[in-house]
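Structure file protein24.txt with compact mmCIF, all heavy atoms:
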# COMPACT_ATOMS: atom_id res chain seq x y z
N MET A 1 -11.64 -42.18 148.55
CA MET A 1 -11.25 -43.55 148.25
C MET A 1 -9.73 -43.63 148.01
O MET A 1 -9.09 -44.53 148.51
CB MET A 1 -12.04 -44.02 147.02
CG MET A 1 -11.74 -45.41 146.61
SD MET A 1 -12.40 -46.52 147.84
CE MET A 1 -12.10 -48.05 147.08
N ILE A 2 -9.19 -42.72 147.21
CA ILE A 2 -7.76 -42.74 146.92
C ILE A 2 -6.95 -42.47 148.19
O ILE A 2 -5.91 -43.08 148.40
CB ILE A 2 -7.41 -41.71 145.82
CG1 ILE A 2 -8.04 -42.14 144.50
CG2 ILE A 2 -5.91 -41.58 145.65
CD1 ILE A 2 -7.91 -41.13 143.40
N GLY A 3 -7.46 -41.62 149.04
CA GLY A 3 -6.78 -41.33 150.30
C GLY A 3 -6.71 -42.55 151.21
O GLY A 3 -5.70 -42.79 151.86
N ILE A 4 -7.78 -43.34 151.24
CA ILE A 4 -7.80 -44.56 152.04
C ILE A 4 -6.77 -45.55 151.51
O ILE A 4 -6.02 -46.15 152.28
CB ILE A 4 -9.21 -45.18 152.05
CG1 ILE A 4 -10.18 -44.26 152.79
CG2 ILE A 4 -9.19 -46.57 152.69
CD1 ILE A 4 -11.62 -44.66 152.67
N ILE A 5 -6.71 -45.71 150.19
CA ILE A 5 -5.73 -46.60 149.57
C ILE A 5 -4.31 -46.13 149.89
O ILE A 5 -3.45 -46.93 150.23
CB ILE A 5 -5.96 -46.69 148.05
CG1 ILE A 5 -7.28 -47.38 147.76
CG2 ILE A 5 -4.81 -47.45 147.37
CD1 ILE A 5 -7.71 -47.30 146.31
N ALA A 6 -4.07 -44.83 149.81
CA ALA A 6 -2.75 -44.28 150.10
C ALA A 6 -2.37 -44.54 151.56
O ALA A 6 -1.22 -44.87 151.84
CB ALA A 6 -2.73 -42.80 149.79
N MET A 7 -3.32 -44.41 152.48
CA MET A 7 -3.03 -44.66 153.88
C MET A 7 -2.69 -46.12 154.12
O MET A 7 -1.75 -46.43 154.88
CB MET A 7 -4.24 -44.25 154.75
CG MET A 7 -4.41 -42.75 154.87
SD MET A 7 -5.93 -42.23 155.69
CE MET A 7 -6.00 -43.23 157.13
N ILE A 8 -3.40 -47.03 153.47
CA ILE A 8 -3.12 -48.46 153.62
C ILE A 8 -1.75 -48.79 153.05
O ILE A 8 -0.96 -49.50 153.69
CB ILE A 8 -4.22 -49.30 152.93
CG1 ILE A 8 -5.54 -49.15 153.70
CG2 ILE A 8 -3.80 -50.77 152.86
CD1 ILE A 8 -6.73 -49.72 152.97
N LEU A 9 -1.44 -48.27 151.87
CA LEU A 9 -0.15 -48.54 151.26
C LEU A 9 1.00 -47.96 152.08
O LEU A 9 2.08 -48.53 152.15
CB LEU A 9 -0.11 -48.00 149.83
CG LEU A 9 -0.99 -48.71 148.82
CD1 LEU A 9 -0.94 -48.01 147.47
CD2 LEU A 9 -0.61 -50.17 148.68
N GLU A 10 0.75 -46.82 152.71
CA GLU A 10 1.77 -46.20 153.55
C GLU A 10 2.07 -47.07 154.77
O GLU A 10 3.21 -47.20 155.19
CB GLU A 10 1.31 -44.81 153.98
CG GLU A 10 2.34 -44.06 154.77
CD GLU A 10 1.86 -42.66 155.10
OE1 GLU A 10 1.36 -41.97 154.21
OE2 GLU A 10 1.97 -42.29 156.28
N LYS A 11 1.03 -47.70 155.32
CA LYS A 11 1.21 -48.56 156.50
C LYS A 11 2.05 -49.78 156.17
O LYS A 11 2.81 -50.25 157.01
CB LYS A 11 -0.14 -49.01 157.04
CG LYS A 11 -1.01 -47.89 157.53
CD LYS A 11 -0.79 -47.64 158.97
CE LYS A 11 -1.80 -46.63 159.42
NZ LYS A 11 -1.36 -45.85 160.51
N ILE A 12 1.92 -50.33 154.95
CA ILE A 12 2.67 -51.54 154.61
C ILE A 12 3.96 -51.20 153.85
O ILE A 12 4.59 -52.06 153.28
CB ILE A 12 1.81 -52.54 153.82
CG1 ILE A 12 1.25 -51.95 152.55
CG2 ILE A 12 0.72 -53.10 154.69
CD1 ILE A 12 0.48 -52.92 151.69
N LYS A 13 4.36 -49.95 153.87
CA LYS A 13 5.64 -49.45 153.36
C LYS A 13 5.85 -49.70 151.86
O LYS A 13 6.95 -49.91 151.42
CB LYS A 13 6.80 -50.07 154.15
CG LYS A 13 6.77 -49.80 155.62
CD LYS A 13 6.88 -48.34 155.91
CE LYS A 13 6.83 -48.11 157.41
NZ LYS A 13 6.57 -46.79 157.81
N ILE A 14 4.79 -49.67 151.06
CA ILE A 14 4.91 -49.74 149.61
C ILE A 14 4.90 -48.34 149.03
O ILE A 14 5.39 -48.10 147.94
CB ILE A 14 3.75 -50.57 149.01
CG1 ILE A 14 3.85 -52.01 149.46
CG2 ILE A 14 3.73 -50.50 147.50
CD1 ILE A 14 2.72 -52.87 149.00
N PHE A 15 4.41 -47.38 149.78
CA PHE A 15 4.17 -46.05 149.30
C PHE A 15 5.13 -45.08 149.96
O PHE A 15 5.37 -45.21 151.15
CB PHE A 15 2.72 -45.71 149.67
CG PHE A 15 2.18 -44.48 149.07
CD1 PHE A 15 1.82 -44.46 147.75
CD2 PHE A 15 2.01 -43.36 149.83
CE1 PHE A 15 1.28 -43.32 147.20
CE2 PHE A 15 1.48 -42.22 149.29
CZ PHE A 15 1.11 -42.21 147.97
N PRO A 16 5.74 -44.16 149.35
CA PRO A 16 5.70 -43.82 147.94
C PRO A 16 6.73 -44.60 147.12
O PRO A 16 7.79 -44.94 147.61
CB PRO A 16 6.06 -42.34 147.91
CG PRO A 16 6.88 -42.13 149.12
CD PRO A 16 6.39 -43.12 150.14
N LEU A 17 6.36 -44.91 145.91
CA LEU A 17 7.25 -45.60 144.98
C LEU A 17 8.15 -44.57 144.29
O LEU A 17 7.85 -43.39 144.28
CB LEU A 17 6.41 -46.32 143.92
CG LEU A 17 5.55 -47.47 144.39
CD1 LEU A 17 4.69 -47.98 143.24
CD2 LEU A 17 6.39 -48.59 144.96
N PRO A 18 9.25 -45.04 143.70
CA PRO A 18 10.06 -44.11 142.90
C PRO A 18 9.21 -43.53 141.77
O PRO A 18 8.50 -44.26 141.09
CB PRO A 18 11.17 -45.00 142.36
CG PRO A 18 11.23 -46.16 143.29
CD PRO A 18 9.84 -46.37 143.78
N GLY A 19 9.26 -42.25 141.57
CA GLY A 19 8.44 -41.59 140.57
C GLY A 19 7.28 -40.83 141.17
O GLY A 19 6.68 -39.98 140.53
N ASP A 20 6.91 -41.17 142.41
CA ASP A 20 5.88 -40.41 143.11
C ASP A 20 6.48 -39.10 143.58
O ASP A 20 7.66 -39.03 143.92
CB ASP A 20 5.35 -41.19 144.32
CG ASP A 20 4.55 -42.42 143.93
OD1 ASP A 20 4.20 -42.54 142.75
OD2 ASP A 20 4.30 -43.26 144.81
N ILE A 21 5.69 -38.06 143.60
CA ILE A 21 6.17 -36.73 143.99
C ILE A 21 5.78 -36.48 145.44
O ILE A 21 4.61 -36.59 145.80
CB ILE A 21 5.57 -35.65 143.07
CG1 ILE A 21 5.99 -35.91 141.64
CG2 ILE A 21 5.99 -34.27 143.54
CD1 ILE A 21 5.26 -35.06 140.62
N VAL A 22 6.77 -36.18 146.28
CA VAL A 22 6.54 -35.89 147.69
C VAL A 22 7.09 -34.50 147.98
O VAL A 22 8.25 -34.22 147.74
CB VAL A 22 7.23 -36.93 148.60
CG1 VAL A 22 6.98 -36.60 150.06
CG2 VAL A 22 6.76 -38.34 148.28
N ILE A 23 6.22 -33.62 148.50
CA ILE A 23 6.62 -32.26 148.84
C ILE A 23 6.41 -32.09 150.35
O ILE A 23 5.29 -32.25 150.84
CB ILE A 23 5.78 -31.23 148.07
CG1 ILE A 23 5.95 -31.43 146.57
CG2 ILE A 23 6.15 -29.82 148.50
CD1 ILE A 23 5.00 -30.62 145.72
N LYS A 24 7.50 -31.79 151.07
CA LYS A 24 7.43 -31.60 152.52
C LYS A 24 7.84 -30.18 152.87
O LYS A 24 8.90 -29.72 152.48
CB LYS A 24 8.37 -32.58 153.23
CG LYS A 24 8.00 -34.02 153.06
CD LYS A 24 8.97 -34.93 153.79
CE LYS A 24 8.60 -36.37 153.55
NZ LYS A 24 9.53 -37.29 154.23
N LYS A 25 6.98 -29.47 153.57
CA LYS A 25 7.26 -28.11 154.05
C LYS A 25 6.84 -28.05 155.53
O LYS A 25 5.65 -27.96 155.83
CB LYS A 25 6.46 -27.08 153.26
CG LYS A 25 6.72 -27.10 151.79
CD LYS A 25 7.67 -26.01 151.43
CE LYS A 25 7.83 -26.05 149.91
NZ LYS A 25 8.61 -25.03 149.38
N GLY A 26 7.80 -28.15 156.42
CA GLY A 26 7.47 -28.14 157.85
C GLY A 26 6.68 -29.37 158.21
O GLY A 26 7.11 -30.49 157.99
N ASN A 27 5.49 -29.16 158.79
CA ASN A 27 4.63 -30.30 159.12
C ASN A 27 3.49 -30.45 158.11
O ASN A 27 2.44 -30.99 158.42
CB ASN A 27 4.08 -30.16 160.54
CG ASN A 27 3.35 -28.86 160.76
OD1 ASN A 27 3.45 -27.95 159.94
ND2 ASN A 27 2.64 -28.76 161.86
N PHE A 28 3.72 -30.02 156.88
CA PHE A 28 2.75 -30.11 155.78
C PHE A 28 3.37 -31.00 154.70
O PHE A 28 4.48 -30.75 154.26
CB PHE A 28 2.46 -28.72 155.23
CG PHE A 28 1.46 -28.71 154.12
CD1 PHE A 28 0.12 -28.88 154.37
CD2 PHE A 28 1.87 -28.51 152.81
CE1 PHE A 28 -0.80 -28.87 153.35
CE2 PHE A 28 0.96 -28.50 151.78
CZ PHE A 28 -0.39 -28.68 152.05
N VAL A 29 2.66 -32.05 154.30
CA VAL A 29 3.17 -32.99 153.31
C VAL A 29 2.14 -33.17 152.21
O VAL A 29 0.96 -33.40 152.48
CB VAL A 29 3.49 -34.37 153.94
CG1 VAL A 29 4.00 -35.34 152.89
CG2 VAL A 29 4.49 -34.23 155.06
N ILE A 30 2.58 -33.07 150.95
CA ILE A 30 1.75 -33.36 149.79
C ILE A 30 2.39 -34.53 149.06
O ILE A 30 3.58 -34.50 148.75
CB ILE A 30 1.65 -32.17 148.83
CG1 ILE A 30 0.97 -30.99 149.49
CG2 ILE A 30 0.88 -32.57 147.56
CD1 ILE A 30 0.95 -29.75 148.63
N ILE A 31 1.61 -35.58 148.81
CA ILE A 31 2.10 -36.74 148.07
C ILE A 31 1.26 -36.88 146.81
O ILE A 31 0.04 -36.99 146.88
CB ILE A 31 2.01 -38.02 148.91
CG1 ILE A 31 2.83 -37.87 150.19
CG2 ILE A 31 2.49 -39.22 148.11
CD1 ILE A 31 2.68 -39.01 151.16
N ILE A 32 1.93 -36.85 145.65
CA ILE A 32 1.25 -37.01 144.36
C ILE A 32 1.69 -38.36 143.80
O ILE A 32 2.79 -38.49 143.27
CB ILE A 32 1.59 -35.86 143.40
CG1 ILE A 32 1.25 -34.53 144.06
CG2 ILE A 32 0.86 -36.03 142.07
CD1 ILE A 32 1.76 -33.32 143.33
N PRO A 33 0.84 -39.40 143.93
CA PRO A 33 1.24 -40.77 143.63
C PRO A 33 1.10 -41.15 142.15
O PRO A 33 0.30 -42.01 141.79
CB PRO A 33 0.30 -41.59 144.50
CG PRO A 33 -0.95 -40.77 144.53
CD PRO A 33 -0.48 -39.34 144.54
N ILE A 34 1.90 -40.54 141.28
CA ILE A 34 1.79 -40.81 139.85
C ILE A 34 2.12 -42.26 139.54
O ILE A 34 1.32 -42.98 138.92
CB ILE A 34 2.70 -39.85 139.05
CG1 ILE A 34 2.22 -38.42 139.24
CG2 ILE A 34 2.75 -40.24 137.58
CD1 ILE A 34 3.16 -37.37 138.69
N THR A 35 3.28 -42.73 139.97
CA THR A 35 3.70 -44.10 139.69
C THR A 35 2.77 -45.11 140.36
O THR A 35 2.41 -46.12 139.76
CB THR A 35 5.15 -44.33 140.17
OG1 THR A 35 5.97 -43.32 139.61
CG2 THR A 35 5.66 -45.68 139.77
N SER A 36 2.38 -44.83 141.58
CA SER A 36 1.49 -45.75 142.30
C SER A 36 0.15 -45.89 141.59
O SER A 36 -0.38 -47.00 141.48
CB SER A 36 1.26 -45.25 143.73
OG SER A 36 2.47 -45.17 144.42
N MET A 37 -0.40 -44.79 141.11
CA MET A 37 -1.70 -44.87 140.44
C MET A 37 -1.61 -45.56 139.08
O MET A 37 -2.53 -46.27 138.69
CB MET A 37 -2.31 -43.47 140.29
CG MET A 37 -2.79 -42.90 141.60
SD MET A 37 -4.09 -43.87 142.39
CE MET A 37 -3.21 -44.60 143.75
N ILE A 38 -0.51 -45.39 138.36
CA ILE A 38 -0.33 -46.10 137.09
C ILE A 38 -0.24 -47.60 137.36
O ILE A 38 -0.89 -48.40 136.68
CB ILE A 38 0.92 -45.59 136.35
CG1 ILE A 38 0.68 -44.17 135.84
CG2 ILE A 38 1.29 -46.51 135.19
CD1 ILE A 38 1.92 -43.50 135.28
N LEU A 39 0.54 -47.98 138.36
CA LEU A 39 0.67 -49.39 138.72
C LEU A 39 -0.67 -49.96 139.18
O LEU A 39 -1.07 -51.06 138.78
CB LEU A 39 1.73 -49.54 139.81
CG LEU A 39 2.04 -50.95 140.27
CD1 LEU A 39 2.59 -51.78 139.11
CD2 LEU A 39 3.03 -50.92 141.41
N PHE A 40 -1.39 -49.23 140.02
CA PHE A 40 -2.70 -49.66 140.50
C PHE A 40 -3.67 -49.82 139.34
O PHE A 40 -4.43 -50.79 139.27
CB PHE A 40 -3.24 -48.63 141.51
CG PHE A 40 -4.59 -48.96 142.05
CD1 PHE A 40 -4.75 -49.97 142.96
CD2 PHE A 40 -5.71 -48.24 141.64
CE1 PHE A 40 -6.01 -50.29 143.46
CE2 PHE A 40 -6.95 -48.53 142.13
CZ PHE A 40 -7.11 -49.57 143.05
N SER A 41 -3.66 -48.90 138.38
CA SER A 41 -4.54 -48.97 137.22
C SER A 41 -4.23 -50.19 136.36
O SER A 41 -5.15 -50.87 135.90
CB SER A 41 -4.39 -47.69 136.39
OG SER A 41 -5.16 -47.79 135.22
N LEU A 42 -2.95 -50.47 136.15
CA LEU A 42 -2.58 -51.65 135.36
C LEU A 42 -3.03 -52.95 136.01
O LEU A 42 -3.58 -53.83 135.36
CB LEU A 42 -1.07 -51.67 135.13
CG LEU A 42 -0.52 -50.65 134.16
CD1 LEU A 42 1.01 -50.67 134.19
CD2 LEU A 42 -1.03 -50.89 132.76
N VAL A 43 -2.79 -53.07 137.31
CA VAL A 43 -3.19 -54.28 138.03
C VAL A 43 -4.70 -54.44 138.02
O VAL A 43 -5.23 -55.54 137.76
CB VAL A 43 -2.65 -54.25 139.48
CG1 VAL A 43 -3.25 -55.36 140.32
CG2 VAL A 43 -1.13 -54.35 139.46
N LEU A 44 -5.43 -53.37 138.27
CA LEU A 44 -6.89 -53.43 138.28
C LEU A 44 -7.43 -53.77 136.90
O LEU A 44 -8.36 -54.58 136.77
CB LEU A 44 -7.46 -52.10 138.76
CG LEU A 44 -8.96 -52.04 139.00
CD1 LEU A 44 -9.36 -53.04 140.07
CD2 LEU A 44 -9.38 -50.65 139.40
N THR A 45 -6.86 -53.20 135.84
CA THR A 45 -7.29 -53.50 134.47
C THR A 45 -7.06 -54.97 134.14
O THR A 45 -7.94 -55.63 133.56
CB THR A 45 -6.53 -52.61 133.47
OG1 THR A 45 -6.82 -51.25 133.77
CG2 THR A 45 -6.95 -52.91 132.04
N LEU A 46 -5.91 -55.49 134.49
CA LEU A 46 -5.62 -56.90 134.23
C LEU A 46 -6.58 -57.82 134.99
O LEU A 46 -7.09 -58.79 134.43
CB LEU A 46 -4.18 -57.23 134.61
CG LEU A 46 -3.10 -56.66 133.69
CD1 LEU A 46 -1.73 -56.92 134.28
CD2 LEU A 46 -3.21 -57.28 132.31
N MET A 47 -6.84 -57.51 136.24
CA MET A 47 -7.75 -58.33 137.04
C MET A 47 -9.16 -58.31 136.46
O MET A 47 -9.80 -59.35 136.34
CB MET A 47 -7.77 -57.85 138.49
CG MET A 47 -6.53 -58.21 139.25
SD MET A 47 -6.43 -57.60 140.95
CE MET A 47 -8.09 -57.37 141.48
N LEU A 48 -9.66 -57.12 136.09
CA LEU A 48 -11.00 -57.03 135.55
C LEU A 48 -11.11 -57.70 134.19
O LEU A 48 -12.14 -58.31 133.88
CB LEU A 48 -11.44 -55.56 135.48
CG LEU A 48 -11.67 -54.90 136.83
CD1 LEU A 48 -11.97 -53.42 136.65
CD2 LEU A 48 -12.80 -55.57 137.59
N ASN A 49 -10.07 -57.61 133.37
CA ASN A 49 -10.10 -58.30 132.09
C ASN A 49 -10.12 -59.80 132.25
O ASN A 49 -10.80 -60.51 131.50
CB ASN A 49 -8.90 -57.89 131.23
CG ASN A 49 -9.11 -56.57 130.53
OD1 ASN A 49 -10.23 -56.20 130.23
ND2 ASN A 49 -8.03 -55.85 130.30
N LEU A 50 -9.42 -60.33 133.24
CA LEU A 50 -9.44 -61.76 133.48
C LEU A 50 -10.79 -62.22 134.01
O LEU A 50 -11.26 -63.30 133.67
CB LEU A 50 -8.34 -62.15 134.48
CG LEU A 50 -6.92 -62.07 133.96
CD1 LEU A 50 -5.93 -62.31 135.10
CD2 LEU A 50 -6.70 -63.07 132.84
N ILE A 51 -11.43 -61.40 134.82
CA ILE A 51 -12.72 -61.77 135.42
C ILE A 51 -13.85 -61.71 134.38
O ILE A 51 -14.67 -62.61 134.28
CB ILE A 51 -13.05 -60.87 136.62
CG1 ILE A 51 -12.08 -61.16 137.76
CG2 ILE A 51 -14.49 -61.05 137.07
CD1 ILE A 51 -12.16 -60.17 138.89
N PHE A 52 -13.90 -60.64 133.57
CA PHE A 52 -15.03 -60.41 132.69
C PHE A 52 -14.82 -60.86 131.25
O PHE A 52 -15.64 -60.60 130.40
CB PHE A 52 -15.42 -58.92 132.69
CG PHE A 52 -15.99 -58.49 134.01
CD1 PHE A 52 -15.29 -57.58 134.80
CD2 PHE A 52 -17.18 -58.99 134.48
CE1 PHE A 52 -15.80 -57.17 136.03
CE2 PHE A 52 -17.70 -58.59 135.68
CZ PHE A 52 -17.01 -57.69 136.46
N LYS A 53 -13.72 -61.55 130.97
CA LYS A 53 -13.44 -61.94 129.58
C LYS A 53 -14.02 -63.32 129.26
O LYS A 53 -13.55 -64.00 128.38
CB LYS A 53 -11.94 -61.92 129.33
CG LYS A 53 -11.61 -61.94 127.88
CD LYS A 53 -10.25 -61.42 127.64
CE LYS A 53 -10.10 -61.30 126.13
NZ LYS A 53 -8.99 -60.49 125.76
N ARG A 54 -15.03 -63.75 129.91
CA ARG A 54 -15.63 -65.07 129.67
C ARG A 54 -16.72 -65.00 128.67
O ARG A 54 -17.38 -64.18 128.36
CB ARG A 54 -16.17 -65.63 130.97
CG ARG A 54 -15.05 -65.86 131.95
CD ARG A 54 -15.57 -66.46 133.19
NE ARG A 54 -14.46 -66.57 134.11
CZ ARG A 54 -14.55 -67.13 135.27
NH1 ARG A 54 -15.70 -67.63 135.69
NH2 ARG A 54 -13.54 -67.21 136.05

Will you turn the file into structure tokens for me?
Amino acid sequence: MIGIIAMILEKIKIFPLPGDIVIKKGNFVIIIPITSMILFSLVLTLMLNLIFKR
């Protein structure tokens, strides 16, 4: 699931954000999306609180 989200964000040029860790060695790339996941978690938490706070 996280990989699919990362692929979508990469296509729309939001990913990687400053603070994300990107390691490139030849044709091998590791992306550790720390900032992206914190931002995603905050947005999702706010949305769910607005929906279920009735």

Between atom CD1 of A:Ile30 and atom CB of A:Pro18 - distance in Å to one decimal: 19.4 Å

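The gap separating atom CE1 of A:Phe52 from atom CB of A:Ile38 is 20.3 Å, in Å to one decimal.
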
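The space between atom N of A:Ile32 and atom N of A:Leu50 spans 28.9 Å.
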
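Residue nearest A:Ser36, chosen from A:Ile4, A:Val22, A:Leu48, A:Leu17 and counting all heavy atoms: A:Leu17.
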